[in-house]
Amino acid sequence: MRPWLIRHLQVFFYSLGQLWRSPWGTLMSVAVIAISLVLPTALYLALEVVDDLSGQWHSGAEISLFLEPEVSDQAAINLAKKINQRPQVASVDYISATAALEEFRQKSGFGVALDLLDKNPLPGLLRVLPKDNQLSSIQAKAWLLEFSALPEVDQAEYDYAWVQRLQAMVQIGQRLGLIFSILLGGGVVLIIGNTIRLAIFSRRQEIEINKLIGATNGFIRRPFLYSGMQQGALGGLFALAMIYAALSLLAPAVVRLAGTYQSEFTLQIVGWIELLLLPLLGGALGWAGAWLAVGRHLREIEPG
Amino acid sequence: MRPWLIRHLQVFFYSLGQLWRSPWGTLMSVAVIAISLVLPTALYLALEVVDDLSGQWHSGAEISLFLEPEVSDQAAINLAKKINQRPQVASVDYISATAALEEFRQKSGFGVALDLLDKNPLPGLLRVLPKDNQLSSIQAKAWLLEFSALPEVDQAEYDYAWVQRLQAMVQIGQRLGLIFSILLGGGVVLIIGNTIRLAIFSRRQEIEINKLIGATNGFIRRPFLYSGMQQGALGGLFALAMIYAALSLLAPAVVRLAGTYQSEFTLQIVGWIELLLLPLLGGALGWAGAWLAVGRHLREIEPG
Amino acid sequence: MIRFSEVYKRYPGGGDALKNVGFRLATGEMAFLTGHSGAGKSTLLKLITAIERPTRGQVWIGQENISKIAHRKVPFLRRRIGIIFQDHKLLHDRTVFDNVALPLVVAGLRHQDIRRRVRAALDKVGLLRKERNYPLQLSGGEQQRVGIARAVVGKPPLLLADEPTGNLDPSLSLEIMDLFAEFNRVGVAVLIASHDLELIKQLGYRQLVLSEGELVAGGDSR
Amino acid sequence: MIRFSEVYKRYPGGGDALKNVGFRLATGEMAFLTGHSGAGKSTLLKLITAIERPTRGQVWIGQENISKIAHRKVPFLRRRIGIIFQDHKLLHDRTVFDNVALPLVVAGLRHQDIRRRVRAALDKVGLLRKERNYPLQLSGGEQQRVGIARAVVGKPPLLLADEPTGNLDPSLSLEIMDLFAEFNRVGVAVLIASHDLELIKQLGYRQLVLSEGELVAGGDSR
Ligand SMILES: Nc1ncnc2c1ncn2[C@@H]1O[C@H](COP(=O)(O)OP(=O)(O)OP(=O)(O)O)[C@@H](O)[C@H]1O
Ligand SMILES: Nc1ncnc2c1ncn2[C@@H]1O[C@H](COP(=O)(O)OP(=O)(O)OP(=O)(O)O)[C@@H](O)[C@H]1O
Ligand SMILES: [Mg+2]
Ligand SMILES: [Mg+2]
């Protein structure tokens with residue numbers, strides 16, 4: 001077992017040495033791989049952030065129950081508690097008529113206009129947030145019917161426009177995600193495969209001589225596999241550094257934006273442990289790309 | 001002049017033939033280049049779309065003038081015309097008290113609640129849209145002071161929150177754009193340079209022999225330059241096809257989204273003529289990458 | 001050691017490079033392969049190393065019929081043969097030492113053994129003091145000798161050489177041939193393709209003569 | 001045609017490959033360059049083609065001092081010299097025809113001229129019927145002759161050959177040498193590095209003898 005291990009270590013360090021001896025070429029390959037790893041990762045992080053933000057914004061997909069004017073605060077709170085016990089309900093907020101007017105004033109920018117009113121024209125309000133973020137329109141209608149039948153409730157409403165918008169956005173995001181993933185996943189495989197392919201051609205003579213001397217295909221394949229893995233892993237490390245730099249650049253702006261939504265969202269949410277997987281992923285992709293390229297081209301090169 | 005031209009044409013078709021003779025390698029290089037061209041183009045298109053959409057949304061950055069209740073429709077319209085003559089004002093809309101209530105009802109989702117009102121509590125409203133989309137906060141304050149001094153105006157307001165949000169978004173967009181452009185621009189140059197670099201190494205012997213036989217550096221460089229250009233241009237064509245496919249996939253979803261904003265925006269706005277520049281750009285980048293790589297490595301390869 | 005029986009070789013798009021060739025080379029025997037340029041000498045050697053396959057007939061190495069040897073067995077066949085090439089076939093980006101060490105590395109020997117045997121082989125061809133040089137820093141004759149050192153370093157039972165003295169001056173050629181003879185004396189079978197008729201006559205080993213792909217002398221007595 | 005004057009060549013990390021070499025080769029003269037392996041024959045030829053630069057001394061080709069020739073002038077120097085290499089240096093992915101045509105393509109000749117002159121050169125070395133083959137489909141001697149055809153196709157006033165008959169059988173060697181003599185008769189200066197002393201003696205041209213980097217015979221009479 002030990003000589004076997006020694007031989008692998010030798011090849012490992014030999015191909016690392018090869019990379020080191022042609023620093024420019026290595027740098028180029030590694031940079032190309034890093035860029036192709038950065039992009040899908042950035043996409044993944046962006047989707048994670050959007051997911052997170054949209055979780056905070058989902059309050060738009062709520063059902064509003066307008067209470068009859070004669071319902072007291074206490075009765076309203078009791079009703080809220082009752083509704084909250086339903087399994088599909090995430091939370092219920094009670095907004096009294098006074099609070100509603102205040103929110104109204106802030107939301108609409110019609111502050112001055114509302115001061116002109118003699119009395120508060122608004123009813124009390126229960127905001128029901130469903131657990132399922134994307135309530136289907138059929139479900140939503142069933143709920144509306146049920147809630148409006150309650151004696152305390154004057155009318156029940158659901159913000160369809162917002163839901164439609166959200167769904168359309170999610171749809172676009174998913175399609176974009178699909179397209180980008182295909183492009184970039186293909187890109188990584190192609191780039192590493194291409195690099196190894198050309199490396200094989202530029203070492204054609206070496207391969208030929210090795211075959212003549214009695215090297216098995218496994219022996220010839222090994223340094224290419226190690227080289228692909230090492231380049232991929234280095235690319236992953238570079239990608240990690242780039243993403244870290246990009247996040248540092250972006251963080252202040254994102255925090256400022258989140259501030260305007262009264263949100264305490266920061267980019268710290270990003271999964272650092274997942275990012276540490278990047279070099280591993282890069283190494284695995286590099287190995288795979290090398291394997292494909294070597295498999296295709298090793299057979300072609302025969303001494304003549 | 002004719003033999004000179006013939007020689008160039010010969011090299012052009014010779015290197016095209018070379019590409020054709022190794023279809024797999026060519027396909028790989030071209031696909032890699034295409035992907036690296038698609039991504040910046042997609043970014044550019046996305047920014048164009050956002051710019052376009054935000055132009056439609058800028059109505060949020062407007063100044064609202066709440067009129068005194070006793071101002072008649074006619075007086076309000078006259079005032080609107082007067083304000084509209086100012087050089088920095090893009091447009092002025094008059095929303096009568098009745099219309100304001102109607103808009104209110106739709107925007108807020110409090111439709112039922114408003115039906116409970118005895119009389120319309122809202123004043124008439126002038127919406128002033130400044131020409132400069134991003135009014136600085138100092139300018140905005142000056143305008144507010146000036147407008148609120150008008151006898152017809154009860155109060156003037158400006159949606160600061162929206163402006164802040166927009167500015168933060170624009171800032172993030174710009175930083176993202178910068179980061180992506182650097183990454184992808186560097187990517188294209190690196191990929192083409194790397195491809196040509198490896199091509200040079202795999203044709204090392206050919207270069208050596210040509211030098212021995214008395215070929216000038218220009219002669220040796222030429223096929224590589226043509227090859228780089230051809231690969232870049234092919235990559236550009238592929239990129240064009242990919243973007244076309246992606247747009248076809250995305251278009252329905254975007255139209256649906258735009259629909260929820262009462263917008264008639266479609267993806268037709270995308271500059272098709274600009275897209276046709278892609279193969280040209282690809283060719284130019286390919287030529288440049290080849291030139292860099294050949295310049296660096298041609299001197300290294302000397303017969304020994 | 002080697003047995004050819006009614007071997008034909010036709011390259012795609014060419015005439016017959018070898019026609020009805022039959023001969024035996026006994027274990028531990030040494031012989032020369034001669035013939036005009038294009039007679040088929042290199043082709044014959046390529047059949048022995050499974051670089052090319054015969055179109056018809058059989059080629060035996062030891063107990064093995066290699067006319068139809070499986071691809072994955074070829075490397076192990078080649079490890080039992082030391083080959084010296086017309087054009088050296090050295091790796092230009094490795095030192096003389098590393099070039100000679102290659103067959104041992106391929107065979108998976110231990111580092112200390114490699115070191116000892118490579119230096120012994122380099123010593124035999126008189127290039128020990130150039131072990132750290134790169135092939136391009138050597139003269140043509142020196143490169144040829146590096147190739148010979150690489151062929152013998154693995155102590156194969158069979159040595160093939162394709163014009164090993166083509167680039168050497170007469171005295172050095174004689175030295176190299178003596179080297180082959182020395183290997184032969186310790187039991188290595190040697191087959192050398194050469195056109196240096198003078199030298200061959202001088203040495204007096206068996207001669208296999210090819211002409212237009214046919215074995216016209218030195219073959220099986222049928 | 002060629003004039004060496006007190007030329008020294010030391011490779012980095014090696015001894016002197018050439019020491020105080022001085023000789024002239026007249027226009028239209030033919031001579032052989034001999035010496036043991038490693039004597040410096042190839043090095044001397046490399047100095048003439050500006051592949052290497054002398055460490056000291058001057059090398060003149062015609063009226064040009066090429067010890068310090070500018071890089072961009074080197075290609076035009078090489079077009080006036082036909083070079084035949086020890087290891088052929090053919091392009092394996094081009095046909096024999098394309099290989100021989102290379103110097104004419106480099107020089108920018110017209111297509112029809114190229115065709116005519118390539119076929120004439122191939123005819124001279126007896127390989128016209130192999131013009132569509134690839135170098136790897138040829139025997140070693142045939143490849144060598146392709147290299148010779150490529151060297152003479154441009155009708156250079158000076159022909160250099162580094163062991164052009166190293167891989168050829170004696171009769172073919174003589175043929176090739178006769179070919180060089182023929183070129184020489186029409187006014188081409190020829191310098192051939194070779195160790196085939198037998199053949200050289202037979203032909204009776206001037207001999208420049210190198211030993212350990214020193215010109216021990218046939219040089220300038222000082
Ligand atoms: N790969 C090939 N494809 C087609 N024809 C080939 C191939 N290899 C060799 N030939 C032809 O087969 C014949 C024998 O070639 P071979 O190389 O065996 O000759 P040789 O005896 O080694 O000659 P030399 O002394 O010149 O090396 C020649 O006519 C050659 O053109
Ligand atoms: N690039 C180089 N770097 C270092 N040393 C070199 C280089 N090229 C040649 N030498 C050394 O210079 C000496 C002369 O080499 P050269 O190739 O000129 O010999 P040669 O006469 O052509 O020999 P042969 O007949 O074997 O071809 C040799 O000792 C060789 O090791
Ligand atoms: Mg041969
Ligand atoms: Mg030499």
# chains A, B, ... in the order shown; residues from 1 in each chain; ligands from 1
>>> interface_residues(of="chain C", to="chain A", cutoff="8 Å", atoms="only C-alpha atoms", output="list in words")
Ile51, Glu52, Arg72, Val74, Pro75, Phe76, Leu77, Arg78, Arg79, Gly82, Ile83, Lys89, Leu90, Leu91, Leu102, Pro103, Val106, Ala107, Gly108 and Arg110 of chain C
>>> write_last_selection(atoms="C-alpha atoms", output="mmCIF file, in the first residue's frame")
data_model
loop_
_atom_site.group_PDB
_atom_site.id
_atom_site.type_symbol
_atom_site.label_atom_id
_atom_site.label_comp_id
_atom_site.auth_asym_id
_atom_site.auth_seq_id
_atom_site.Cartn_x
_atom_site.Cartn_y
_atom_site.Cartn_z
ATOM 1 C CA ILE C 51 2.901 -0.252 -32.893
ATOM 2 C CA GLU C 52 1.498 -1.771 -36.069
ATOM 3 C CA ARG C 72 -4.490 -3.267 -22.412
ATOM 4 C CA VAL C 74 0.435 -3.878 -24.983
ATOM 5 C CA PRO C 75 2.140 -1.772 -22.244
ATOM 6 C CA PHE C 76 3.323 -4.901 -20.467
ATOM 7 C CA LEU C 77 4.665 -6.332 -23.711
ATOM 8 C CA ARG C 78 6.622 -3.140 -24.341
ATOM 9 C CA ARG C 79 8.141 -3.218 -20.869
ATOM 10 C CA GLY C 82 14.059 -2.081 -24.914
ATOM 11 C CA ILE C 83 13.565 0.098 -28.001
ATOM 12 C CA LYS C 89 12.360 10.241 -29.023
ATOM 13 C CA LEU C 90 13.576 12.023 -25.911
ATOM 14 C CA LEU C 91 11.515 14.420 -23.802
ATOM 15 C CA LEU C 102 11.236 6.955 -17.460
ATOM 16 C CA PRO C 103 10.855 3.186 -18.025
ATOM 17 C CA VAL C 106 6.543 3.641 -15.520
ATOM 18 C CA ALA C 107 7.245 0.214 -14.066
ATOM 19 C CA GLY C 108 6.851 1.672 -10.576
ATOM 20 C CA ARG C 110 11.406 2.577 -5.823
#
>>> residues_near_ligand(ligand="ligand 2", cutoff="9 Å", atoms="only C-alpha atoms and all ligand atoms", output="number ranges by chain")
B: 304; C: 130, 133-144, 167-169; D: 9-18, 34-46, 52, 86, 162-163, 193-195, 210-213
>>> closest_residue(among="C:Arg116, C:Lys19, C:Lys201, C:His88", to="chain D", atoms="only C-alpha atoms")
C:His88
>>> select_by_dssp(residues="region 13-201 of chain D", states="alpha helix (DSSP H)", output="VMD selection string")
chain D and resid 41 to 48 74 to 79 96 to 107 111 to 124 140 to 152 170 to 185 197 to 201
>>> closest_residue(among="B:Glu68, B:Glu102, B:Glu152, B:Asp93", to="chain A", atoms="only C-alpha atoms")
B:Glu68
>>> residues_around(residues="Ile63 (chain B)", least_positions_apart="4", cutoff="9 Å", atoms="only C-alpha atoms", output="short mmCIF file (atom, residue, chain, number, x, y, z; two decimals) with all heavy atoms, in the first residue's frame")
data_model
loop_
_atom_site.label_atom_id
_atom_site.label_comp_id
_atom_site.auth_asym_id
_atom_site.auth_seq_id
_atom_site.Cartn_x
_atom_site.Cartn_y
_atom_site.Cartn_z
N LEU B 126 -52.15 68.39 -7.68
CA LEU B 126 -51.34 68.55 -8.89
C LEU B 126 -50.10 67.67 -8.72
O LEU B 126 -49.41 67.75 -7.71
CB LEU B 126 -50.89 70.00 -9.07
CG LEU B 126 -51.97 70.99 -9.52
CD1 LEU B 126 -51.33 72.36 -9.74
CD2 LEU B 126 -52.63 70.52 -10.80
N ARG B 127 -49.85 66.82 -9.72
CA ARG B 127 -48.62 66.01 -9.69
C ARG B 127 -47.61 66.65 -10.62
O ARG B 127 -47.79 66.68 -11.83
CB ARG B 127 -48.90 64.60 -10.18
CG ARG B 127 -49.49 63.72 -9.11
CD ARG B 127 -49.64 62.33 -9.68
NE ARG B 127 -50.26 61.46 -8.72
CZ ARG B 127 -50.86 60.32 -9.05
NH1 ARG B 127 -50.93 59.96 -10.31
NH2 ARG B 127 -51.39 59.57 -8.13
N VAL B 128 -46.50 67.13 -10.04
CA VAL B 128 -45.46 67.79 -10.83
C VAL B 128 -44.31 66.81 -11.02
O VAL B 128 -43.72 66.34 -10.06
CB VAL B 128 -44.97 69.06 -10.12
CG1 VAL B 128 -43.91 69.74 -10.97
CG2 VAL B 128 -46.14 69.97 -9.84
N LEU B 129 -44.01 66.48 -12.30
CA LEU B 129 -42.92 65.56 -12.59
C LEU B 129 -41.72 66.36 -13.08
O LEU B 129 -41.77 66.99 -14.13
CB LEU B 129 -43.37 64.58 -13.67
CG LEU B 129 -42.47 63.38 -13.89
CD1 LEU B 129 -42.47 62.48 -12.68
CD2 LEU B 129 -42.91 62.63 -15.13
N PRO B 130 -40.62 66.36 -12.32
CA PRO B 130 -39.46 67.14 -12.76
C PRO B 130 -38.76 66.46 -13.95
O PRO B 130 -38.84 65.24 -14.11
CB PRO B 130 -38.56 67.15 -11.53
CG PRO B 130 -38.97 66.00 -10.72
CD PRO B 130 -40.40 65.68 -11.06
N ALA B 140 -35.12 69.52 -4.34
CA ALA B 140 -36.49 69.15 -4.01
C ALA B 140 -37.03 70.06 -2.90
O ALA B 140 -38.17 70.55 -2.97
CB ALA B 140 -36.56 67.69 -3.57
N TRP B 143 -37.90 73.50 -4.21
CA TRP B 143 -39.18 73.46 -4.93
C TRP B 143 -40.35 73.42 -3.96
O TRP B 143 -41.35 74.12 -4.15
CB TRP B 143 -39.23 72.22 -5.83
CG TRP B 143 -38.46 72.37 -7.11
CD1 TRP B 143 -37.31 73.07 -7.28
CD2 TRP B 143 -38.81 71.84 -8.37
NE1 TRP B 143 -36.89 72.99 -8.57
CE2 TRP B 143 -37.79 72.23 -9.27
CE3 TRP B 143 -39.86 71.06 -8.84
CZ2 TRP B 143 -37.82 71.89 -10.62
CZ3 TRP B 143 -39.87 70.70 -10.17
CH2 TRP B 143 -38.86 71.10 -11.06
N LEU B 144 -40.22 72.57 -2.94
CA LEU B 144 -41.33 72.43 -2.00
C LEU B 144 -41.67 73.78 -1.37
O LEU B 144 -42.84 74.18 -1.29
CB LEU B 144 -40.95 71.43 -0.91
CG LEU B 144 -40.94 69.95 -1.33
CD1 LEU B 144 -40.67 69.06 -0.13
CD2 LEU B 144 -42.27 69.58 -1.98
N ALA B 156 -47.25 71.12 -0.02
CA ALA B 156 -46.49 70.42 -1.07
C ALA B 156 -45.71 69.28 -0.43
O ALA B 156 -45.14 69.44 0.65
CB ALA B 156 -45.53 71.38 -1.77
N GLU B 157 -45.70 68.10 -1.09
CA GLU B 157 -44.99 66.95 -0.53
C GLU B 157 -44.15 66.24 -1.58
O GLU B 157 -44.43 66.30 -2.77
CB GLU B 157 -46.00 65.95 0.06
CG GLU B 157 -46.56 66.42 1.36
CD GLU B 157 -47.09 65.26 2.18
OE1 GLU B 157 -47.23 64.16 1.60
OE2 GLU B 157 -47.36 65.47 3.37
N TYR B 158 -43.16 65.55 -1.10
CA TYR B 158 -42.24 64.87 -1.99
C TYR B 158 -41.95 63.50 -1.40
O TYR B 158 -41.73 63.38 -0.19
CB TYR B 158 -40.95 65.72 -2.09
CG TYR B 158 -39.95 65.17 -3.06
CD1 TYR B 158 -40.27 65.04 -4.41
CD2 TYR B 158 -38.67 64.82 -2.65
CE1 TYR B 158 -39.36 64.56 -5.31
CE2 TYR B 158 -37.74 64.33 -3.54
CZ TYR B 158 -38.09 64.20 -4.88
OH TYR B 158 -37.17 63.73 -5.78
N ASP B 159 -41.97 62.47 -2.23
CA ASP B 159 -41.82 61.11 -1.69
C ASP B 159 -40.36 60.74 -1.49
O ASP B 159 -39.72 60.13 -2.33
CB ASP B 159 -42.50 60.11 -2.65
CG ASP B 159 -42.56 58.73 -2.03
OD1 ASP B 159 -41.93 58.53 -0.98
OD2 ASP B 159 -43.24 57.88 -2.60
#
>>> residues_around(residues="Phe224 (chain B)", least_positions_apart="2", cutoff="8 Å", atoms="only C-alpha atoms", output="PyMOL selection string")
chain B and resi 15+196+200+220-222+226-228+290+294
>>> write_last_selection(atoms="all heavy atoms", output="PDB file, in the first residue's frame")
ATOM      1  N   SER B  15      -6.887  28.770 -42.415  1.00  0.00           N
ATOM      2  CA  SER B  15      -7.163  28.631 -40.977  1.00  0.00           C
ATOM      3  C   SER B  15      -8.620  28.254 -40.742  1.00  0.00           C
ATOM      4  O   SER B  15      -8.946  27.555 -39.790  1.00  0.00           O
ATOM      5  CB  SER B  15      -6.784  29.901 -40.217  1.00  0.00           C
ATOM      6  OG  SER B  15      -7.420  31.013 -40.763  1.00  0.00           O
ATOM      7  N   ILE B 196      -5.613  30.566 -27.715  1.00  0.00           N
ATOM      8  CA  ILE B 196      -4.563  30.772 -28.705  1.00  0.00           C
ATOM      9  C   ILE B 196      -3.209  30.350 -28.135  1.00  0.00           C
ATOM     10  O   ILE B 196      -2.383  29.745 -28.823  1.00  0.00           O
ATOM     11  CB  ILE B 196      -4.531  32.246 -29.141  1.00  0.00           C
ATOM     12  CG1 ILE B 196      -5.848  32.618 -29.833  1.00  0.00           C
ATOM     13  CG2 ILE B 196      -3.345  32.504 -30.056  1.00  0.00           C
ATOM     14  CD1 ILE B 196      -6.037  32.000 -31.182  1.00  0.00           C
ATOM     15  N   ILE B 200      -0.790  27.728 -29.810  1.00  0.00           N
ATOM     16  CA  ILE B 200       0.601  27.985 -30.181  1.00  0.00           C
ATOM     17  C   ILE B 200       1.489  26.862 -29.681  1.00  0.00           C
ATOM     18  O   ILE B 200       2.352  26.354 -30.400  1.00  0.00           O
ATOM     19  CB  ILE B 200       1.065  29.336 -29.605  1.00  0.00           C
ATOM     20  CG1 ILE B 200       0.375  30.477 -30.350  1.00  0.00           C
ATOM     21  CG2 ILE B 200       2.578  29.477 -29.719  1.00  0.00           C
ATOM     22  CD1 ILE B 200       0.620  31.817 -29.730  1.00  0.00           C
ATOM     23  N   ILE B 220       4.210  34.030 -39.587  1.00  0.00           N
ATOM     24  CA  ILE B 220       3.812  33.003 -38.623  1.00  0.00           C
ATOM     25  C   ILE B 220       2.599  33.454 -37.826  1.00  0.00           C
ATOM     26  O   ILE B 220       1.720  32.666 -37.494  1.00  0.00           O
ATOM     27  CB  ILE B 220       4.991  32.689 -37.675  1.00  0.00           C
ATOM     28  CG1 ILE B 220       6.142  32.096 -38.477  1.00  0.00           C
ATOM     29  CG2 ILE B 220       4.570  31.750 -36.564  1.00  0.00           C
ATOM     30  CD1 ILE B 220       7.410  31.941 -37.700  1.00  0.00           C
ATOM     31  N   ARG B 221       2.564  34.741 -37.534  1.00  0.00           N
ATOM     32  CA  ARG B 221       1.490  35.280 -36.716  1.00  0.00           C
ATOM     33  C   ARG B 221       0.145  35.199 -37.438  1.00  0.00           C
ATOM     34  O   ARG B 221      -0.894  34.969 -36.823  1.00  0.00           O
ATOM     35  CB  ARG B 221       1.817  36.733 -36.380  1.00  0.00           C
ATOM     36  CG  ARG B 221       1.064  37.278 -35.171  1.00  0.00           C
ATOM     37  CD  ARG B 221       1.392  38.734 -34.944  1.00  0.00           C
ATOM     38  NE  ARG B 221       2.741  38.944 -34.452  1.00  0.00           N
ATOM     39  CZ  ARG B 221       3.629  39.761 -35.021  1.00  0.00           C
ATOM     40  NH1 ARG B 221       3.299  40.448 -36.087  1.00  0.00           N
ATOM     41  NH2 ARG B 221       4.837  39.897 -34.519  1.00  0.00           N
ATOM     42  N   ARG B 222       0.170  35.396 -38.763  1.00  0.00           N
ATOM     43  CA  ARG B 222      -1.064  35.584 -39.519  1.00  0.00           C
ATOM     44  C   ARG B 222      -2.120  34.500 -39.300  1.00  0.00           C
ATOM     45  O   ARG B 222      -3.261  34.820 -38.962  1.00  0.00           O
ATOM     46  CB  ARG B 222      -0.726  35.733 -41.006  1.00  0.00           C
ATOM     47  CG  ARG B 222      -1.582  36.784 -41.685  1.00  0.00           C
ATOM     48  CD  ARG B 222      -1.102  37.021 -43.108  1.00  0.00           C
ATOM     49  NE  ARG B 222       0.186  37.709 -43.176  1.00  0.00           N
ATOM     50  CZ  ARG B 222       1.085  37.524 -44.153  1.00  0.00           C
ATOM     51  NH1 ARG B 222       0.849  36.674 -45.123  1.00  0.00           N
ATOM     52  NH2 ARG B 222       2.211  38.204 -44.157  1.00  0.00           N
ATOM     53  N   TYR B 226      -5.900  35.108 -37.770  1.00  0.00           N
ATOM     54  CA  TYR B 226      -7.127  34.765 -38.481  1.00  0.00           C
ATOM     55  C   TYR B 226      -7.944  33.758 -37.684  1.00  0.00           C
ATOM     56  O   TYR B 226      -9.166  33.858 -37.575  1.00  0.00           O
ATOM     57  CB  TYR B 226      -6.807  34.210 -39.873  1.00  0.00           C
ATOM     58  CG  TYR B 226      -6.636  35.289 -40.904  1.00  0.00           C
ATOM     59  CD1 TYR B 226      -5.403  35.608 -41.434  1.00  0.00           C
ATOM     60  CD2 TYR B 226      -7.741  36.015 -41.341  1.00  0.00           C
ATOM     61  CE1 TYR B 226      -5.245  36.608 -42.370  1.00  0.00           C
ATOM     62  CE2 TYR B 226      -7.607  37.025 -42.278  1.00  0.00           C
ATOM     63  CZ  TYR B 226      -6.350  37.311 -42.790  1.00  0.00           C
ATOM     64  OH  TYR B 226      -6.210  38.311 -43.703  1.00  0.00           O
ATOM     65  N   SER B 227      -7.240  32.780 -37.117  1.00  0.00           N
ATOM     66  CA  SER B 227      -7.933  31.743 -36.362  1.00  0.00           C
ATOM     67  C   SER B 227      -8.645  32.351 -35.147  1.00  0.00           C
ATOM     68  O   SER B 227      -9.806  32.041 -34.873  1.00  0.00           O
ATOM     69  CB  SER B 227      -6.919  30.684 -35.935  1.00  0.00           C
ATOM     70  OG  SER B 227      -7.515  29.755 -35.099  1.00  0.00           O
ATOM     71  N   GLY B 228      -7.938  33.231 -34.436  1.00  0.00           N
ATOM     72  CA  GLY B 228      -8.554  33.891 -33.288  1.00  0.00           C
ATOM     73  C   GLY B 228      -9.774  34.692 -33.700  1.00  0.00           C
ATOM     74  O   GLY B 228     -10.833  34.629 -33.071  1.00  0.00           O
ATOM     75  N   ALA B 290      -5.681  36.852 -29.735  1.00  0.00           N
ATOM     76  CA  ALA B 290      -4.654  36.126 -30.480  1.00  0.00           C
ATOM     77  C   ALA B 290      -3.384  36.970 -30.562  1.00  0.00           C
ATOM     78  O   ALA B 290      -2.273  36.467 -30.382  1.00  0.00           O
ATOM     79  CB  ALA B 290      -5.164  35.798 -31.875  1.00  0.00           C
ATOM     80  N   VAL B 294       0.035  35.584 -29.189  1.00  0.00           N
ATOM     81  CA  VAL B 294       1.091  35.330 -30.169  1.00  0.00           C
ATOM     82  C   VAL B 294       2.295  36.206 -29.864  1.00  0.00           C
ATOM     83  O   VAL B 294       3.442  35.767 -29.905  1.00  0.00           O
ATOM     84  CB  VAL B 294       0.575  35.589 -31.599  1.00  0.00           C
ATOM     85  CG1 VAL B 294       1.722  35.579 -32.573  1.00  0.00           C
ATOM     86  CG2 VAL B 294      -0.433  34.540 -32.000  1.00  0.00           C
TER      87      VAL B 294
END
>>> closest_residue(among="D:Thr165, D:Asn65, D:Asn184, D:Gln202", to="chain C", atoms="only C-alpha atoms")
D:Thr165
>>> atom_distance(atom1="CA of Arg185 (chain C)", atom2="CA of Gly204 (chain C)")
14.5 Å
>>> closest_residue(among="D:Asp87, D:Glu6, D:Glu64, D:Glu29", to="ligand 4", atoms="only C-alpha atoms and all ligand atoms")
D:Asp87
>>> atom_distance(atom1="CA of Leu16 (chain A)", atom2="CA of Arg296 (chain A)")
23.3 Å
>>> residues_around(residues="region 152-160 of chain C", least_positions_apart="3", cutoff="7 Å", atoms="only C-alpha atoms", output="CSV table (one decimal) with C-alpha atoms, in the first residue's frame")
chain,number,residue,atom,x,y,z
C,80,ARG,CA,9.9,-6.4,-21.8
C,81,ILE,CA,11.4,-4.8,-24.9
C,82,GLY,CA,14.1,-2.1,-24.9
C,83,ILE,CA,13.6,0.1,-28.0
C,84,ILE,CA,16.1,2.5,-29.5
C,103,PRO,CA,10.9,3.2,-18.0
C,104,LEU,CA,11.6,2.5,-14.4
C,117,ARG,CA,20.2,1.8,-12.1
C,118,VAL,CA,19.9,5.1,-14.1
C,121,ALA,CA,23.1,2.8,-17.5
C,148,ILE,CA,20.3,3.6,-25.7
C,149,ALA,CA,20.7,4.1,-21.9
C,188,VAL,CA,19.7,-10.3,-24.0
C,189,ALA,CA,18.3,-11.0,-27.5
C,190,VAL,CA,19.2,-8.1,-29.8
C,191,LEU,CA,17.8,-7.2,-33.2
C,192,ILE,CA,19.4,-4.1,-34.9
>>> closest_residue(among="D:Gly218, D:Glu182, D:Arg3, D:Arg145", to="chain C", atoms="only C-alpha atoms")
D:Arg145
>>> residues_around(residues="Gly62 (chain C)", least_positions_apart="4", cutoff="9 Å", atoms="only C-alpha atoms", output="VMD selection string")
chain C and resid 1 to 3 27
>>> write_last_selection(atoms="N, CA and C atoms", output="PDB file, in the first residue's frame")
ATOM      1  N   MET C   1      12.530 -16.558 -29.019  1.00  0.00           N
ATOM      2  CA  MET C   1      12.204 -15.228 -28.507  1.00  0.00           C
ATOM      3  C   MET C   1      11.224 -14.523 -29.446  1.00  0.00           C
ATOM      4  N   ILE C   2      11.634 -14.421 -30.732  1.00  0.00           N
ATOM      5  CA  ILE C   2      10.762 -13.826 -31.753  1.00  0.00           C
ATOM      6  C   ILE C   2      10.500 -14.859 -32.832  1.00  0.00           C
ATOM      7  N   ARG C   3       9.258 -14.962 -33.243  1.00  0.00           N
ATOM      8  CA  ARG C   3       8.959 -15.826 -34.388  1.00  0.00           C
ATOM      9  C   ARG C   3       7.953 -15.141 -35.312  1.00  0.00           C
ATOM     10  N   THR C  27      16.196 -17.003 -28.116  1.00  0.00           N
ATOM     11  CA  THR C  27      16.469 -16.279 -26.880  1.00  0.00           C
ATOM     12  C   THR C  27      17.975 -16.074 -26.757  1.00  0.00           C
TER      13      THR C  27
END
